[in-house]
$ cat upload_22.pdb   # PDB, C-alpha atoms, pLDDT in the B column
ATOM      1  CA  MET J   1      -6.769  17.216   7.359  1.00 44.00           C
ATOM      2  CA  THR J   2     -10.522  17.348   6.990  1.00 48.00           C
ATOM      3  CA  GLY J   3     -13.075  14.917   8.302  1.00 51.00           C
ATOM      4  CA  SER J   4     -16.181  13.405   6.778  1.00 56.00           C
ATOM      5  CA  ARG J   5     -19.148  15.537   5.867  1.00 54.00           C
ATOM      6  CA  SER J   6     -22.366  14.895   7.731  1.00 59.00           C
ATOM      7  CA  PRO J   7     -25.439  16.898   8.801  1.00 61.00           C
ATOM      8  CA  ALA J   8     -23.640  17.651  12.077  1.00 60.00           C
ATOM      9  CA  ASN J   9     -20.407  18.436  10.230  1.00 53.00           C
ATOM     10  CA  PRO J  10     -21.474  19.979   6.883  1.00 55.00           C
ATOM     11  CA  VAL J  11     -18.098  21.393   5.848  1.00 55.00           C
ATOM     12  CA  GLY J  12     -16.047  18.320   6.702  1.00 58.00           C
ATOM     13  CA  GLU J  13     -14.014  19.933   9.488  1.00 65.00           C
ATOM     14  CA  THR J  14     -12.152  17.648  11.864  1.00 63.00           C
ATOM     15  CA  PRO J  15     -14.264  17.133  15.004  1.00 63.00           C
ATOM     16  CA  PRO J  16     -12.468  18.297  18.193  1.00 67.00           C
ATOM     17  CA  HIS J  17     -12.449  14.814  19.768  1.00 66.00           C
ATOM     18  CA  THR J  18     -10.373  13.459  16.860  1.00 63.00           C
ATOM     19  CA  GLN J  19      -7.794  16.257  16.707  1.00 65.00           C
ATOM     20  CA  HIS J  20      -5.112  14.134  18.396  1.00 70.00           C
ATOM     21  CA  ARG J  21      -5.432  11.080  16.188  1.00 74.00           C
ATOM     22  CA  ARG J  22      -2.662  10.263  13.797  1.00 78.00           C
ATOM     23  CA  THR J  23      -2.300   8.220  10.650  1.00 83.00           C
ATOM     24  CA  ASN J  24       0.563   5.725  10.855  1.00 87.00           C
ATOM     25  CA  ASP J  25       0.308   4.224   7.404  1.00 90.00           C
ATOM     26  CA  ILE J  26      -1.844   3.583   4.369  1.00 91.00           C
ATOM     27  CA  ALA J  27      -1.874  -0.155   3.732  1.00 93.00           C
ATOM     28  CA  PHE J  28      -2.767  -2.105   0.618  1.00 93.00           C
ATOM     29  CA  SER J  29      -3.754  -5.546   1.861  1.00 91.00           C
ATOM     30  CA  GLY J  30      -6.924  -7.286   2.794  1.00 77.00           C
ATOM     31  CA  ASP J  31      -9.175 -10.080   1.728  1.00 81.00           C
ATOM     32  CA  GLY J  32      -7.124 -11.388  -1.185  1.00 85.00           C
ATOM     33  CA  GLU J  33      -3.806 -10.550  -2.822  1.00 91.00           C
ATOM     34  CA  PRO J  34      -3.565  -6.796  -3.595  1.00 94.00           C
ATOM     35  CA  THR J  35      -1.089  -7.306  -6.449  1.00 92.00           C
ATOM     36  CA  THR J  36      -3.788  -9.052  -8.491  1.00 93.00           C
ATOM     37  CA  CYS J  37      -5.719  -5.781  -8.748  1.00 92.00           C
ATOM     38  CA  PRO J  38      -5.227  -4.328 -12.249  1.00 91.00           C
ATOM     39  CA  GLU J  39      -5.645  -0.790 -10.849  1.00 93.00           C
ATOM     40  CA  LEU J  40      -3.076  -1.199  -8.055  1.00 93.00           C
ATOM     41  CA  ALA J  41      -0.618   1.345  -9.507  1.00 93.00           C
ATOM     42  CA  GLU J  42      -3.403   3.910  -9.901  1.00 95.00           C
ATOM     43  CA  ALA J  43      -4.618   3.282  -6.327  1.00 94.00           C
ATOM     44  CA  ILE J  44      -1.094   3.728  -4.973  1.00 94.00           C
ATOM     45  CA  GLN J  45      -0.721   6.933  -7.002  1.00 95.00           C
ATOM     46  CA  LEU J  46      -4.024   8.228  -5.607  1.00 94.00           C
ATOM     47  CA  ALA J  47      -2.862   7.501  -2.054  1.00 93.00           C
ATOM     48  CA  ALA J  48       0.455   9.277  -2.732  1.00 93.00           C
ATOM     49  CA  ASP J  49      -1.369  12.302  -4.170  1.00 94.00           C
ATOM     50  CA  LEU J  50      -3.721  12.461  -1.177  1.00 92.00           C
ATOM     51  CA  LYS J  51      -0.809  12.189   1.257  1.00 91.00           C
ATOM     52  CA  ARG J  52       0.943  15.051  -0.525  1.00 91.00           C
ATOM     53  CA  SER J  53      -2.167  17.258  -0.658  1.00 92.00           C
ATOM     54  CA  HIS J  54      -2.783  16.747   3.081  1.00 89.00           C
ATOM     55  CA  GLU J  55       0.900  17.210   3.979  1.00 90.00           C
ATOM     56  CA  LEU J  56       1.221  13.639   5.243  1.00 89.00           C
ATOM     57  CA  ASP J  57       4.545  12.850   3.593  1.00 86.00           C
ATOM     58  CA  GLU J  58       5.814  11.138   6.776  1.00 88.00           C
ATOM     59  CA  VAL J  59       2.974   8.588   6.603  1.00 90.00           C
ATOM     60  CA  LYS J  60       4.194   5.300   5.153  1.00 89.00           C
ATOM     61  CA  THR J  61       2.462   3.522   2.300  1.00 91.00           C
ATOM     62  CA  VAL J  62       2.593  -0.245   2.848  1.00 92.00           C
ATOM     63  CA  LEU J  63       1.933  -3.112   0.445  1.00 91.00           C
ATOM     64  CA  ILE J  64       1.259  -6.365   2.310  1.00 91.00           C
ATOM     65  CA  THR J  65       1.693  -9.171  -0.202  1.00 88.00           C
ATOM     66  CA  ASN J  66       2.426 -12.838  -0.668  1.00 85.00           C
ATOM     67  CA  ALA J  67       4.869 -11.677  -3.396  1.00 83.00           C
ATOM     68  CA  SER J  68       3.320 -13.888  -6.064  1.00 82.00           C
ATOM     69  CA  HIS J  69       2.846 -11.076  -8.623  1.00 87.00           C
ATOM     70  CA  LEU J  70       5.665  -8.633  -7.861  1.00 83.00           C
ATOM     71  CA  ALA J  71       7.093  -9.003 -11.374  1.00 84.00           C
ATOM     72  CA  ARG J  72       3.913  -7.778 -13.123  1.00 88.00           C
ATOM     73  CA  PRO J  73       4.469  -4.469 -14.982  1.00 89.00           C
ATOM     74  CA  SER J  74       1.465  -2.854 -13.275  1.00 88.00           C
ATOM     75  CA  VAL J  75       2.794  -3.883  -9.850  1.00 90.00           C
ATOM     76  CA  ILE J  76       6.287  -2.615 -10.697  1.00 90.00           C
ATOM     77  CA  ARG J  77       4.749   0.771 -11.633  1.00 91.00           C
ATOM     78  CA  GLY J  78       2.973   0.834  -8.275  1.00 90.00           C
ATOM     79  CA  LEU J  79       6.191  -0.056  -6.444  1.00 90.00           C
ATOM     80  CA  GLU J  80       7.983   2.803  -8.199  1.00 91.00           C
ATOM     81  CA  VAL J  81       5.312   5.218  -6.933  1.00 91.00           C
ATOM     82  CA  MET J  82       5.573   3.703  -3.443  1.00 89.00           C
ATOM     83  CA  GLY J  83       9.334   4.154  -3.468  1.00 87.00           C
ATOM     84  CA  ALA J  84       8.903   7.873  -4.059  1.00 86.00           C
ATOM     85  CA  ALA J  85       6.158   8.122  -1.398  1.00 84.00           C
ATOM     86  CA  ASN J  86       7.832   6.689   1.726  1.00 83.00           C
ATOM     87  CA  GLY J  87       6.650   3.187   0.788  1.00 89.00           C
ATOM     88  CA  LYS J  88       7.417  -0.229   2.201  1.00 89.00           C
ATOM     89  CA  VAL J  89       6.653  -3.769   1.047  1.00 88.00           C
ATOM     90  CA  TRP J  90       5.876  -6.437   3.593  1.00 88.00           C
ATOM     91  CA  ALA J  91       6.230  -9.688   1.683  1.00 82.00           C
ATOM     92  CA  LYS J  92       5.726 -13.285   2.621  1.00 80.00           C
ATOM     93  CA  LEU J  93       8.488 -15.066   0.752  1.00 72.00           C
ATOM     94  CA  ASP J  94       6.877 -18.437   0.004  1.00 67.00           C
ATOM     95  CA  ALA J  95       5.877 -17.324  -3.499  1.00 62.00           C
ATOM     96  CA  ILE J  96       9.360 -15.993  -4.237  1.00 65.00           C
ATOM     97  CA  ALA J  97      10.907 -19.235  -3.016  1.00 66.00           C
ATOM     98  CA  THR J  98       8.606 -21.212  -5.310  1.00 69.00           C
ATOM     99  CA  ALA J  99       9.479 -18.984  -8.280  1.00 68.00           C
ATOM    100  CA  VAL J 100      13.218 -19.284  -7.582  1.00 65.00           C
ATOM    101  CA  ALA J 101      12.952 -23.055  -7.236  1.00 67.00           C
ATOM    102  CA  SER J 102      10.992 -23.319 -10.496  1.00 71.00           C
ATOM    103  CA  ALA J 103      13.395 -21.085 -12.402  1.00 68.00           C
ATOM    104  CA  THR J 104      16.625 -22.608 -11.098  1.00 68.00           C
ATOM    105  CA  GLY J 105      15.801 -26.147 -10.074  1.00 69.00           C
ATOM    106  CA  LEU J 106      17.179 -25.388  -6.617  1.00 65.00           C
ATOM    107  CA  ARG J 107      15.489 -26.687  -3.509  1.00 65.00           C
ATOM    108  CA  VAL J 108      14.422 -23.669  -1.456  1.00 61.00           C
ATOM    109  CA  VAL J 109      13.378 -24.088   2.158  1.00 60.00           C
ATOM    110  CA  THR J 110      11.211 -21.457   3.847  1.00 59.00           C
ATOM    111  CA  TYR J 111      10.484 -21.097   7.533  1.00 55.00           C
TER     112      TYR J 111
END

$ encode --input "upload_22.pdb" --output "structure tokens"
Amino acid sequence: MTGSRSPANPVGETPPHTQHRRTNDIAFSGDGEPTTCPELAEAIQLAADLKRSHELDEVKTVLITNASHLARPSVIRGLEVMGAANGKVWAKLDAIATAVASATGLRVVTY
């Protein structure tokens, strides 16, 4: 894997002091709900392509979500890419419980 280019590192080689670092995962999360991003599937595909090109297939791709938009076609496309790229979804289930309750009339309790 290569590092960042800088005047001290013009070719982007990995500096010796970082040689023993490892990448555990690539996470889609942050300040807001990632599944609302219209380009989520493309971003996940880019991450999968970069993992493959850097021989990081063992690195997990993680979507951290409140699960409110998992049924969107663009999100489903992204999840399909994640499934083929050692992906995981970490979902808070409150949104799913609300959707199930709305669709079925059942009372759903979350903890």

$ residues_near_point --input "upload_22.pdb" --point "(7.1, -8.6, 3.6)" --cutoff "10 Å" --atoms "all atoms listed in the file" --output "number ranges by chain"
J: 62-67, 88-93

$ resolve_selection --input "upload_22.pdb" --expression "the PyMOL selection byres ((chain J and resi 28) around 10)" --output "PyMOL selection string"
chain J and resi 25-27+29-30+33-35+40+43-44+47+61-65+89

$ resolve_selection --input "upload_22.pdb" --expression "the PyMOL selection byres ((chain J and resi 81) around 10)" --output "MDAnalysis selection string"
chainID J and resid 41:42 44:48 61 75:80 82:87

$ atom_distance --input "upload_22.pdb" --atom1 "atom CA of J:Leu70" --atom2 "atom CA of J:Ser102"
15.8 Å

$ atom_distance --input "upload_22.pdb" --atom1 "atom CA of J:Cys37" --atom2 "atom CA of J:Arg72"
10.8 Å

$ atom_distance --input "upload_22.pdb" --atom1 "atom CA of J:Ala71" --atom2 "atom CA of J:Glu39"
15.2 Å

$ closest_residue --input "upload_22.pdb" --among "J:Glu55, J:Asp49, J:Arg22, J:Thr36" --to "J:Ser68" --atoms "all atoms listed in the file"
J:Thr36

$ closest_residue --input "upload_22.pdb" --among "J:Val59, J:Pro38, J:Lys51, J:Pro73" --to "J:Thr23" --atoms "all atoms listed in the file"
J:Val59
